Amino acid sequence: MDLIDFLKVPLFQKAFLGALLSGAGLSLLGIVVLNLNLTTIRFALMHIALLGAAIAMVLGFPPLAGALAGIVIASLILGPAGDYIKIDTGLAGVLFMTGSLGLAFMLFYKAGVPAMDAFALFTGNVLALRPADLWTIGALAAVIILIFSLFYREIQMVLYNPDLAESLGVPVRLIRNGLLLLTGLAIGVNIRMVGALLIDAAVLLPAVAALAVARSLKEALLWSAAFGIISQVGGLAASMVWDLPSGASITMAAVVLVCLAGIFSRMRIKIRKEF
């Protein structure tokens with residue numbers, strides 16, 4: 001089958017639509033993660049997802065439901081917890097990461113549940129998306145784009161200089177914690193698509209490529225959305241044409257974009273120096 005034949009199959013149509021929506025909206029949050037130095041947060045949320053899956057399995061619920069619930073709850077309390085104990089949000093993420101991992105393995109041991117069933121969450125499968133998943137991805141992407149559109153100036157100030165923004169009356173903690181919640185939701189949704197281990201390909205790598213070529217926050221957001229769409233839709237298409245794992249193919253497409261963006265950035269700097 002060639003790509004046109006794949007596109008005629010409803011299963012693959014849903015996969016492409018999910019990749020398009022995710023790339024267009026969810027990848028914007030990578031800019032937030034990088035600018036606020038929250039790279040450890042994604043690891044914390046992945047480990048909390050494992051703990052949520054373990055708790056769900058002990059209680060007899062699907063592990064994915066527990067993982068998503070754990071991510072949402074953690075996203076709501078990570079920021080306030082860091083404020084309460086007076087440590088950086090990234091450091092609070094490390095605390096949550098190690099604690100949740102320890103608790104998860106205690107549960108696996110004491111309850112006798114198969115740990116590998118929970119670890120299966122770390123693989124993901126974009127071809128397994130259901131209509132409800134597409135609605136969830138689309139709704140979250142729309143909310144993210146709407147929030148960045150309505151509160152662009154405030155978000156820009158928070159990302160540029162939180163202290164200055166707070167002195168000007170911007171609700172820095174509220175905006176930061178709201179963005180953290182959206183990031184958690186984006187990670188939870190993308191677990192269904194690429195798996196937890198490859199989550200950077202969907203959320204972080206498009207932003208890395210965008211920051212290499214952008215000259216303003218607005219450009220960075222636009223480029224991040226463009227790179228997110230290219231990496232996810234292009235990677236999915238490549239996986240079908242060459243019979244590759246979809247998650248790994250999306251990841252490699254994102255890696256290639258980061259490399260190309262870096263090369264372009266260096267060439268642009270060199271040309272400017274010469275002229």
# chains A, B, ... in the order shown; residues from 1 in each chain; ligands from 1
$ select_by_dssp --residues "stretch 22-73 of chain A" --states "alpha helix (DSSP H)" --output "NGL selection string"
:A and (22-25 or 29-35 or 39-59 or 63-73)
$ closest_atom_pairs --of "stretch 29-111 of chain A" --to "stretch 147-167 of chain A" --cutoff "10 Å" --atoms "only C-alpha atoms" --output "Markdown table"
| residue | atom | partner | partner_atom | distance |
| --- | --- | --- | --- | --- |
| A:Leu29 | CA | A:Phe148 | CA | 9.7 |
| A:Ile31 | CA | A:Leu159 | CA | 9.1 |
| A:Val32 | CA | A:Leu159 | CA | 7.2 |
| A:Val33 | CA | A:Leu159 | CA | 9.7 |
| A:Leu34 | CA | A:Leu159 | CA | 9.5 |
| A:Asn35 | CA | A:Leu159 | CA | 5.9 |
| A:Leu36 | CA | A:Leu159 | CA | 6.4 |
| A:Asn37 | CA | A:Leu159 | CA | 9.9 |
$ residues_around --residues "stretch 45-55 of chain A" --least-positions-apart "3" --cutoff "7 Å" --atoms "only C-alpha atoms" --output "PyMOL selection string"
chain A and resi 41-42+58-59+63-64+66-71+97+100-101+103-104+107-108+118+184+196
$ closest_residue --among "A:Cys259, A:Ile271, A:Leu127, A:Leu140" --to "A:Ala212" --atoms "only C-alpha atoms"
A:Cys259
$ closest_residue --among "A:Leu146, A:Val172, A:Leu236, A:Val258" --to "A:Gln13" --atoms "only C-alpha atoms"
A:Leu236
$ atom_distance --atom1 "atom CA of A:Lys8" --atom2 "atom CA of A:Ala139"
24.8 Å
$ closest_residue --among "A:Gln232, A:Ile250, A:Val256, A:Gly262" --to "A:Ala214" --atoms "only C-alpha atoms"
A:Gly262
$ closest_residue --among "A:Leu244, A:Phe16, A:Gly23, A:Leu260" --to "A:Gly228" --atoms "only C-alpha atoms"
A:Gly23
$ atom_distance --atom1 "atom CA of A:Phe43" --atom2 "atom CA of A:Ala19"
22.1 Å
$ closest_residue --among "A:Thr98, A:Thr40, A:Thr251, A:Asn177" --to "A:Gly235" --atoms "only C-alpha atoms"
A:Thr251
$ closest_residue --among "A:Ile145, A:Ala74, A:Val189, A:Ile175" --to "A:Ala132" --atoms "only C-alpha atoms"
A:Val189
$ atom_distance --atom1 "atom CA of A:Asp200" --atom2 "atom CA of A:Pro10"
27.2 Å
